[in-house]
Amino acid sequence: MESARHSCERITMLRKARWTPPKPEPVACVRCTKPTDEPRRGLCIACYLRQRRGSEFTIDACCQVCSTADKRVLRWHRLAGGFAVLCANHAAIAGRRALELDALRAECA
Ligand SMILES: [Zn+2]
Ligand SMILES: [Zn+2]
């Protein structure tokens with residue numbers, strides 16, 4: 001009985017040794033560029049919470065391309081020249097490319 005339990009434990013130990021959960025790749029936060037293991041919508045926890053509080057936009061913030069002022073669709077987006085406030089559409093168009101704001105404007109004109 002004792003030896004059976006023992007071998008069972010050994011098998012469990014071997015399984016554990018063989019199966020290691022994939023380590024999450026640290027991702028750079030799209031706003032502060034700090035690496036984070038658990039990105040939430042591409043943001044580190046600090047930036048995500050700040051975004052949820054909605055404290056990051058000024059009263060008259062609007063999309064730098066189309067001037068949409070609806071805060072529900074605005075987000076900070078990293079461009080070549082730094083961060084810009086963009087609407088969901090233009091953030092999607094810009095994607096992760098290193099675009100200048102002017103280049104993005106020209107593309108969407
Ligand atoms: Zn961040
Ligand atoms: Zn826009």
# chains A, B, ... in the order shown; residues from 1 in each chain; ligands from 1
>>> residues_around(residues="A:Ala80", least_positions_apart="2", cutoff="8 Å", atoms="only C-alpha atoms", output="ChimeraX atom specification")
/A:78,82,98-101
>>> write_last_selection(atoms="N, CA and C atoms", output="CSV table (one decimal), in the first residue's frame")
chain,number,residue,atom,x,y,z
A,78,ARG,N,0.0,54.5,-29.8
A,78,ARG,CA,1.4,54.9,-30.0
A,78,ARG,C,1.7,55.0,-31.5
A,82,GLY,N,5.1,59.6,-30.9
A,82,GLY,CA,4.6,59.6,-29.6
A,82,GLY,C,3.2,59.2,-29.5
A,98,ALA,N,4.7,51.9,-37.1
A,98,ALA,CA,5.4,53.1,-36.6
A,98,ALA,C,5.1,54.3,-37.6
A,99,LEU,N,3.9,54.8,-37.5
A,99,LEU,CA,3.5,55.9,-38.5
A,99,LEU,C,3.6,57.2,-37.8
A,100,GLU,N,3.9,58.2,-38.6
A,100,GLU,CA,3.8,59.6,-38.1
A,100,GLU,C,2.3,60.0,-38.1
A,101,LEU,N,1.9,60.9,-37.3
A,101,LEU,CA,0.5,61.3,-37.3
A,101,LEU,C,0.1,61.9,-38.6
>>> residues_near_ligand(ligand="ligand 1", cutoff="12 Å", atoms="only C-alpha atoms and all ligand atoms", output="PyMOL selection string")
chain A and resi 27-51+76-78
>>> residues_around(residues="A:Ala103", least_positions_apart="3", cutoff="12 Å", atoms="only C-alpha atoms", output="list in words")
Gln64, Val65, Leu79, Ala80, Gly81, His90, Ile93, Ala94, Arg97, Ala98, Leu99, Glu100, Ala106, Glu107, Cys108 and Ala109 of chain A
>>> write_last_selection(atoms="C-alpha atoms", output="PDB file, in the first residue's frame")
ATOM      1  CA  GLN A  64      -6.355  63.526 -34.046  1.00  0.00           C
ATOM      2  CA  VAL A  65      -7.420  62.362 -37.500  1.00  0.00           C
ATOM      3  CA  LEU A  79       2.597  56.421 -33.207  1.00  0.00           C
ATOM      4  CA  ALA A  80       6.122  57.126 -34.410  1.00  0.00           C
ATOM      5  CA  GLY A  81       6.088  60.615 -32.930  1.00  0.00           C
ATOM      6  CA  HIS A  90      -8.065  55.218 -36.803  1.00  0.00           C
ATOM      7  CA  ILE A  93      -5.929  51.612 -39.234  1.00  0.00           C
ATOM      8  CA  ALA A  94      -2.677  52.722 -37.634  1.00  0.00           C
ATOM      9  CA  ARG A  97       2.930  50.411 -37.485  1.00  0.00           C
ATOM     10  CA  ALA A  98       5.383  53.142 -36.622  1.00  0.00           C
ATOM     11  CA  LEU A  99       3.470  55.867 -38.451  1.00  0.00           C
ATOM     12  CA  GLU A 100       3.789  59.587 -38.068  1.00  0.00           C
ATOM     13  CA  ALA A 106      -2.650  61.481 -45.286  1.00  0.00           C
ATOM     14  CA  GLU A 107      -3.619  57.816 -45.458  1.00  0.00           C
ATOM     15  CA  CYS A 108      -7.113  58.514 -44.125  1.00  0.00           C
ATOM     16  CA  ALA A 109      -7.729  61.670 -46.127  1.00  0.00           C
TER      17      ALA A 109
END
>>> residues_near_ligand(ligand="ligand 2", cutoff="7 Å", atoms="only C-alpha atoms and all ligand atoms", output="PDB file with C-alpha atoms, in the first residue's frame")
ATOM      1  CA  CYS A  63      -9.433  61.869 -32.542  1.00  0.00           C
ATOM      2  CA  GLN A  64      -6.355  63.526 -34.046  1.00  0.00           C
ATOM      3  CA  VAL A  65      -7.420  62.362 -37.500  1.00  0.00           C
ATOM      4  CA  CYS A  66     -11.206  62.701 -37.755  1.00  0.00           C
ATOM      5  CA  SER A  67     -11.935  64.854 -34.670  1.00  0.00           C
ATOM      6  CA  THR A  68     -14.429  62.379 -33.257  1.00  0.00           C
ATOM      7  CA  LEU A  86      -7.320  58.315 -31.867  1.00  0.00           C
ATOM      8  CA  CYS A  87     -10.783  56.904 -32.351  1.00  0.00           C
ATOM      9  CA  ALA A  88     -11.191  53.140 -32.577  1.00  0.00           C
ATOM     10  CA  ASN A  89     -11.244  53.269 -36.383  1.00  0.00           C
ATOM     11  CA  HIS A  90      -8.065  55.218 -36.803  1.00  0.00           C
TER      12      HIS A  90
END
